[in-house]
file entry.cif (mmCIF, C-alpha atoms)
data_work
loop_
_atom_site.label_atom_id
_atom_site.label_comp_id
_atom_site.auth_asym_id
_atom_site.auth_seq_id
_atom_site.Cartn_x
_atom_site.Cartn_y
_atom_site.Cartn_z
CA MET E 152 0.00 0.00 0.00
CA ALA E 153 1.67 3.20 -1.17
CA ASP E 154 -0.05 5.39 1.43
CA PHE E 155 1.98 4.04 4.33
CA LYS E 156 5.63 3.17 4.45
CA VAL E 157 7.89 1.81 7.18
CA HIS E 158 11.60 2.16 6.62
CA GLN E 159 14.31 0.96 8.96
CA ARG E 160 17.74 2.54 9.40
CA ASP E 161 20.40 1.16 11.72
CA GLY E 162 22.86 3.49 13.40
CA GLU E 163 25.36 3.03 16.23
CA GLY E 164 23.44 0.90 18.71
CA VAL E 165 20.15 2.47 17.66
CA SER E 166 17.55 1.46 15.08
CA VAL E 167 15.39 4.14 13.55
CA ILE E 168 12.00 3.44 12.02
CA ASP E 169 10.76 6.15 9.65
CA LEU E 170 7.00 6.28 9.23
CA LYS E 171 5.38 7.87 6.21
CA GLY E 172 1.69 8.34 5.48
CA TYR E 173 -1.20 7.18 7.62
CA LEU E 174 -1.17 4.64 10.42
CA ASP E 175 -4.62 3.14 10.95
CA ALA E 176 -6.22 -0.29 11.36
CA HIS E 177 -5.25 -1.12 7.79
CA THR E 178 -1.58 -0.22 7.99
CA ALA E 179 -0.88 -1.04 11.67
CA PRO E 180 0.20 -4.64 10.78
CA ASP E 181 3.10 -3.20 8.73
CA LEU E 182 4.45 -1.45 11.82
CA GLU E 183 3.84 -4.57 13.93
CA ASN E 184 5.96 -6.56 11.48
CA ALA E 185 8.74 -3.98 11.69
CA PHE E 186 8.77 -4.10 15.52
CA GLN E 187 8.61 -7.88 15.47
CA LYS E 188 11.63 -8.03 13.18
CA LEU E 189 13.60 -5.69 15.46
CA LEU E 190 12.82 -7.90 18.46
CA THR E 191 13.77 -11.03 16.54
CA ASP E 192 17.07 -9.34 15.65
CA ARG E 193 17.50 -8.37 19.32
CA LYS E 194 17.50 -4.67 18.50
CA TYR E 195 15.90 -2.99 21.48
CA ASN E 196 17.02 0.63 21.20
CA ILE E 197 14.39 1.97 18.86
CA ILE E 198 13.53 5.47 17.66
CA VAL E 199 10.37 5.99 15.65
CA ASN E 200 10.73 9.10 13.50
CA CYS E 201 7.23 10.46 12.78
CA LYS E 202 8.27 13.35 10.52
CA ASP E 203 6.20 12.13 7.57
CA LEU E 204 3.44 10.50 9.59
CA THR E 205 0.27 12.35 8.60
CA TYR E 206 -2.37 10.48 10.61
CA ILE E 207 -2.66 8.02 13.47
CA SER E 208 -5.67 6.23 14.99
CA SER E 209 -5.90 4.05 18.10
CA ALA E 210 -5.03 0.97 16.01
CA GLY E 211 -1.64 2.57 15.32
CA LEU E 212 -1.14 3.64 18.92
CA GLY E 213 -1.96 0.09 20.00
CA VAL E 214 1.10 -1.21 18.15
CA PHE E 215 3.38 0.88 20.40
CA MET E 216 1.54 -0.54 23.43
CA ALA E 217 1.98 -4.09 22.16
CA PHE E 218 5.77 -3.95 22.03
CA ILE E 219 6.95 -1.50 24.69
CA GLU E 220 6.87 -4.02 27.53
CA ASP E 221 9.03 -6.57 25.71
CA VAL E 222 11.46 -3.89 24.58
CA ARG E 223 11.89 -2.49 28.11
CA LYS E 224 12.26 -5.97 29.62
CA ASN E 225 15.32 -6.24 27.40
CA LYS E 226 16.69 -2.93 28.72
CA GLY E 227 15.76 -1.05 25.57
CA ASP E 228 13.19 1.60 24.79
CA ILE E 229 10.95 2.95 22.06
CA LYS E 230 11.43 6.70 21.78
CA LEU E 231 9.49 8.89 19.39
CA SER E 232 10.54 11.99 17.49
CA ASN E 233 9.61 14.65 14.91
CA MET E 234 5.84 14.49 15.40
CA SER E 235 3.54 17.02 13.79
CA PRO E 236 1.26 18.84 16.25
CA LYS E 237 -1.74 16.95 14.80
CA VAL E 238 -0.20 13.53 15.46
CA TYR E 239 1.15 14.63 18.86
CA ASN E 240 -2.35 15.69 19.92
CA VAL E 241 -3.63 12.14 19.48
CA PHE E 242 -0.73 10.71 21.51
CA ASP E 243 -1.38 13.38 24.13
CA LEU E 244 -5.14 12.72 24.33
CA LEU E 245 -4.38 9.13 25.25
CA GLY E 246 -1.76 10.04 27.83
CA PHE E 247 1.15 8.56 25.89
CA PRO E 248 3.66 11.23 26.95
CA ILE E 249 3.52 9.64 30.42
CA LEU E 250 4.71 6.34 29.04
CA TYR E 251 6.91 7.32 26.10
CA GLU E 252 9.73 9.79 25.64
CA ILE E 253 8.83 12.09 22.75
CA TYR E 254 11.52 14.35 21.27
CA ARG E 255 11.35 17.21 18.80
CA GLU E 256 14.33 15.90 16.86
CA GLU E 257 15.63 12.41 16.22
CA GLN E 258 19.14 13.43 17.29
CA GLU E 259 17.89 14.27 20.80
CA ALA E 260 16.57 10.72 21.12
CA VAL E 261 19.89 9.32 19.88
CA LEU E 262 21.77 11.36 22.51
CA LYS E 263 19.39 10.15 25.23
CA PHE E 264 20.11 6.52 24.31
CA ARG E 265 23.86 7.26 24.48
CA GLU E 266 23.48 8.90 27.90
CA GLN E 267 21.47 5.95 29.17
CA LYS E 268 24.10 3.53 27.88
CA LYS E 269 26.85 5.38 29.81
CA ALA E 270 24.83 5.49 33.04
CA MET W 73 -26.71 29.51 6.07
CA ALA W 74 -29.32 28.12 8.42
CA GLY W 75 -31.42 26.31 5.81
CA LYS W 76 -31.93 22.57 5.74
CA ALA W 77 -28.58 21.15 4.68
CA GLN W 78 -28.29 18.03 2.64
CA LYS W 79 -27.88 14.59 4.17
CA LEU W 80 -24.90 12.65 2.80
CA THR W 81 -24.55 8.88 2.73
CA LYS W 82 -21.69 6.51 1.95
CA THR W 83 -21.75 2.73 2.03
CA ILE W 84 -18.54 0.71 2.22
CA GLU W 85 -17.60 -2.95 2.55
CA SER W 86 -16.26 -3.88 5.97
CA ARG W 87 -12.56 -3.79 5.12
CA THR W 88 -9.87 -1.66 6.72
CA ASP W 89 -8.60 -0.52 3.31
CA ASN W 90 -11.87 1.43 2.99
CA LEU W 91 -11.12 3.57 6.06
CA LEU W 92 -9.16 6.05 3.96
CA GLU W 93 -12.22 6.69 1.76
CA VAL W 94 -14.40 7.17 4.86
CA ARG W 95 -11.95 9.66 6.35
CA ASP W 96 -11.89 11.67 3.13
CA PHE W 97 -15.71 11.69 2.96
CA VAL W 98 -16.02 12.90 6.56
CA LEU W 99 -13.21 15.45 6.22
CA GLN W 100 -14.79 17.10 3.17
CA ALA W 101 -18.23 17.24 4.81
CA SER W 102 -16.84 18.63 8.08
CA ARG W 103 -14.91 21.35 6.27
CA ARG W 104 -17.92 22.30 4.16
CA PHE W 105 -20.05 22.51 7.30
CA GLY W 106 -17.69 25.12 8.72
CA PHE W 107 -15.50 23.25 11.20
CA SER W 108 -11.90 24.35 11.61
CA GLU W 109 -9.18 21.96 10.42
CA GLU W 110 -8.52 20.97 14.03
CA GLU W 111 -12.16 20.16 14.76
CA ALA W 112 -12.62 18.43 11.40
CA SER W 113 -9.60 16.20 12.23
CA LYS W 114 -11.24 15.21 15.52
CA ILE W 115 -14.46 14.23 13.75
CA VAL W 116 -12.54 12.24 11.15
CA LEU W 117 -10.64 10.31 13.82
CA ALA W 118 -13.82 9.58 15.81
CA VAL W 119 -15.58 8.19 12.73
CA ASP W 120 -12.50 6.12 11.84
CA GLU W 121 -12.61 4.64 15.36
CA ALA W 122 -16.35 3.88 15.04
CA CYS W 123 -15.86 2.13 11.68
CA THR W 124 -12.80 0.24 12.95
CA ASN W 125 -14.86 -1.00 15.91
CA VAL W 126 -17.55 -2.26 13.52
CA ILE W 127 -14.98 -4.09 11.38
CA LYS W 128 -13.25 -5.62 14.43
CA HIS W 129 -16.10 -6.30 16.84
CA ALA W 130 -19.45 -6.28 14.99
CA TYR W 131 -18.19 -8.12 11.89
CA GLN W 132 -15.06 -9.71 13.38
CA TYR W 133 -13.09 -8.89 10.23
CA ALA W 134 -15.58 -10.47 7.78
CA PRO W 135 -14.67 -8.42 4.68
CA ASP W 136 -17.94 -8.56 2.73
CA ARG W 137 -20.44 -6.95 5.10
CA THR W 138 -21.57 -3.36 4.76
CA ILE W 139 -21.13 -0.23 6.82
CA GLU W 140 -23.26 2.81 6.10
CA ILE W 141 -22.10 6.27 7.11
CA VAL W 142 -24.77 8.97 7.18
CA ILE W 143 -23.87 12.62 7.71
CA GLN W 144 -26.74 14.82 8.78
CA PRO W 145 -26.02 18.52 9.16
CA GLU W 146 -28.26 20.48 11.52
CA ARG W 147 -28.22 24.22 12.21
CA ASP W 148 -25.40 24.19 14.75
CA SER W 149 -24.22 20.60 14.76
CA LEU W 150 -23.10 17.73 12.59
CA HIS W 151 -24.36 14.21 13.25
CA ILE W 152 -22.55 11.22 11.81
CA THR W 153 -24.23 7.84 12.13
CA VAL W 154 -22.32 4.62 11.52
CA ILE W 155 -24.67 1.71 10.80
CA ASP W 156 -23.99 -2.03 10.67
CA ASP W 157 -25.96 -5.27 10.99
CA GLY W 158 -23.39 -7.28 12.93
CA LYS W 159 -22.89 -8.28 16.53
CA ALA W 160 -24.09 -5.59 18.93
CA PHE W 161 -21.53 -3.64 20.90
CA ASN W 162 -22.39 -0.60 22.91
CA PRO W 163 -19.49 1.80 23.29
CA SER W 164 -21.62 4.36 25.13
CA VAL W 165 -21.86 2.10 28.20
CA ALA W 166 -18.38 0.58 27.91
CA ARG W 167 -16.36 1.62 30.91
CA LEU W 168 -13.98 4.44 30.14
CA PRO W 169 -10.53 3.24 31.04
CA ASP W 170 -8.53 4.99 33.74
CA LEU W 171 -5.91 6.04 31.24
CA LYS W 172 -2.93 6.14 33.55
CA GLN W 173 -3.69 2.70 34.94
CA HIS W 174 -4.60 1.40 31.50
CA LEU W 175 -1.32 2.52 30.01
CA SER W 176 0.76 1.36 32.92
CA HIS W 177 -0.54 -2.15 32.28
CA TYR W 178 0.31 -1.81 28.58
CA ARG W 179 -3.28 -2.49 27.51
CA ARG W 180 -4.04 -1.65 23.92
CA GLY W 181 -7.80 -2.25 23.76
CA GLY W 182 -10.46 0.32 24.62
CA LEU W 183 -8.50 3.31 23.37
CA GLY W 184 -10.79 3.83 20.37
CA ILE W 185 -13.89 4.21 22.53
CA TYR W 186 -12.04 6.60 24.79
CA LEU W 187 -11.04 8.68 21.75
CA MET W 188 -14.58 8.75 20.32
CA ARG W 189 -16.00 9.99 23.59
CA THR W 190 -13.22 12.51 24.11
CA LEU W 191 -13.25 13.91 20.58
CA MET W 192 -17.01 14.24 20.09
CA ASP W 193 -19.65 16.11 22.08
CA LYS W 194 -22.05 13.18 22.13
CA VAL W 195 -21.88 9.45 21.38
CA GLU W 196 -25.19 7.56 21.25
CA TYR W 197 -25.86 3.97 20.40
CA LYS W 198 -28.96 2.09 19.25
CA TYR W 199 -28.93 -1.59 18.58
CA ALA W 200 -31.06 -4.49 17.44
CA PRO W 201 -28.64 -7.44 17.58
CA GLY W 202 -28.00 -8.97 14.15
CA LYS W 203 -30.32 -6.47 12.49
CA ARG W 204 -29.13 -2.92 12.85
CA ASN W 205 -26.66 -1.20 15.13
CA GLU W 206 -26.13 2.54 15.04
CA VAL W 207 -23.46 4.72 16.59
CA ARG W 208 -24.42 8.38 16.35
CA LEU W 209 -21.63 10.90 16.84
CA THR W 210 -22.43 14.57 17.33
CA LYS W 211 -20.20 17.63 17.17
CA TYR W 212 -21.43 21.17 17.79
CA LEU W 213 -20.02 24.22 16.08
CA THR W 214 -18.36 26.60 18.49
CA ALA W 215 -19.01 30.35 18.39
CA SER W 216 -15.68 30.91 16.64
CA GLU W 217 -16.63 28.67 13.74
CA PRO W 218 -19.05 30.53 11.48
CA ARG W 219 -21.53 28.29 9.70
CA ALA W 220 -20.64 28.13 5.98
#

call {"tool": "encode", "arguments": {"input": "entry.cif", "output": "structure tokens"}}
result
Amino acid sequence: MADFKVHQRDGEGVSVIDLKGYLDAHTAPDLENAFQKLLTDRKYNIIVNCKDLTYISSAGLGVFMAFIEDVRKNKGDIKLSNMSPKVYNVFDLLGFPILYEIYREEQEAVLKFREQKKA
Amino acid sequence: MAGKAQKLTKTIESRTDNLLEVRDFVLQASRRFGFSEEEASKIVLAVDEACTNVIKHAYQYAPDRTIEIVIQPERDSLHITVIDDGKAFNPSVARLPDLKQHLSHYRRGGLGIYLMRTLMDKVEYKYAPGKRNEVRLTKYLTASEPRA
């Protein structure tokens, strides 16, 4: 489906997932597959860059809920970055900023992972 | 314009790939009615959640059933009714999750109902199991949004 794309980039000890398009009940399985692959590959330091994410519904938010526990059990985290105000509002309505670290820029999330690794 | 506005109807098959078409239909109607982009986005998301609930719960992902979406503009409000003939499910009586507790237990269900009730001014439900279920979502124009 051309209206949603998940692209993975691997950096130093961090994997970045770029989301593009809309994340709803139809496209949520694509993101689930991407998270599942990261877990299978034992990559637990994950940043989801939402720069080109134009829409999210609860089906998309549910994917983050489905994986965060497993990721944190393995001493990793899912951090989010570059959200548009429209997408952030949906995360905020559901109280996600309590549970997830959300950064303006991807680089801030990368630095946070590095700090946490040193600690 | 306070005259009787036109009712709009769309019927889709119960597949998630049709959600995009529903969102576009609702977005256009909400804009035309005079809602701001922010309010129109809220309506779109609420209707998406209602249709997703029908696909998941009423039809349990059967792809060949139908969902009817009826948009009825009134003088100062927009009513969107989502109609199915599947298993009855009443989101208006479903317990609203305590969000903090819900999230701390990593639960992913129930968020759609919470969103519908948070984003809209009113959520009403009528059902006749196996015959016709209706979720009626209402949003009022605020004083700052002049009626088109």

call {"tool": "closest_residue", "arguments": {"input": "entry.cif", "among": "E:Lys263, E:His158, E:Arg193, E:Arg223", "to": "chain W", "atoms": "all atoms listed in the file"}}
result
E:Arg223

call {"tool": "resolve_selection", "arguments": {"input": "entry.cif", "expression": "the PyMOL selection byres ((chain W and resi 153-161) around 9)", "output": "ChimeraX atom specification"}}
result
/W:119,122-123,125-126,129-132,137-144,151-152,162-163,166,197,199-210

call {"tool": "resolve_selection", "arguments": {"input": "entry.cif", "expression": "the PyMOL selection byres ((chain E) within 8 of (chain W))", "output": "ChimeraX atom specification"}}
result
/E:176-177,208-210,212-214,216-217,219-220,237,244-247,249-250

call {"tool": "resolve_selection", "arguments": {"input": "entry.cif", "expression": "the PyMOL selection byres ((chain E and resi 173) around 7)", "output": "VMD selection string"}}
result
chain E and resid 154 to 155 171 to 172 174 to 175 204 to 207

call {"tool": "atom_distance", "arguments": {"input": "entry.cif", "atom1": "atom CA of E:Ile198", "atom2": "atom CA of E:Glu252"}}
result
9.8 Å

call {"tool": "axis_aligned_box", "arguments": {"input": "entry.cif", "around": "stretch 225-236 of chain E", "padding_each_side": "5 Å", "output": "JSON"}}
result
{"center_x": 9.0, "center_y": 6.3, "center_z": 21.3, "size_x": 25.4, "size_y": 35.1, "size_z": 24.9}

call {"tool": "atom_distance", "arguments": {"input": "entry.cif", "atom1": "atom CA of W:Lys194", "atom2": "atom CA of W:Ile115"}}
result
11.4 Å

call {"tool": "atom_distance", "arguments": {"input": "entry.cif", "atom1": "atom CA of W:Asp193", "atom2": "atom CA of W:Ile84"}}
result
25.2 Å

call {"tool": "closest_residue", "arguments": {"input": "entry.cif", "among": "E:Asp192, E:Asp221, E:Asp228, E:Asp169", "to": "E:Glu257", "atoms": "all atoms listed in the file"}}
result
E:Asp169

call {"tool": "closest_residue", "arguments": {"input": "entry.cif", "among": "E:Ala260, E:Ile253, E:Val222, E:Ala270", "to": "E:Gln187", "atoms": "only C-alpha atoms"}}
result
E:Val222

call {"tool": "residues_around", "arguments": {"input": "entry.cif", "residues": "E:Pro248", "least_positions_apart": "5", "cutoff": "10 Å", "atoms": "only C-alpha atoms", "output": "number ranges by chain"}}
result
E: 231, 239, 242-243, 253

call {"tool": "write_last_selection", "arguments": {"input": "entry.cif", "atoms": "C-alpha atoms", "output": "compact mmCIF listing (two decimals), keeping the file's coordinate frame"}}
result
# COMPACT_ATOMS: atom_id res chain seq x y z
CA LEU E 231 9.49 8.89 19.39
CA TYR E 239 1.15 14.63 18.86
CA PHE E 242 -0.73 10.71 21.51
CA ASP E 243 -1.38 13.38 24.13
CA ILE E 253 8.83 12.09 22.75
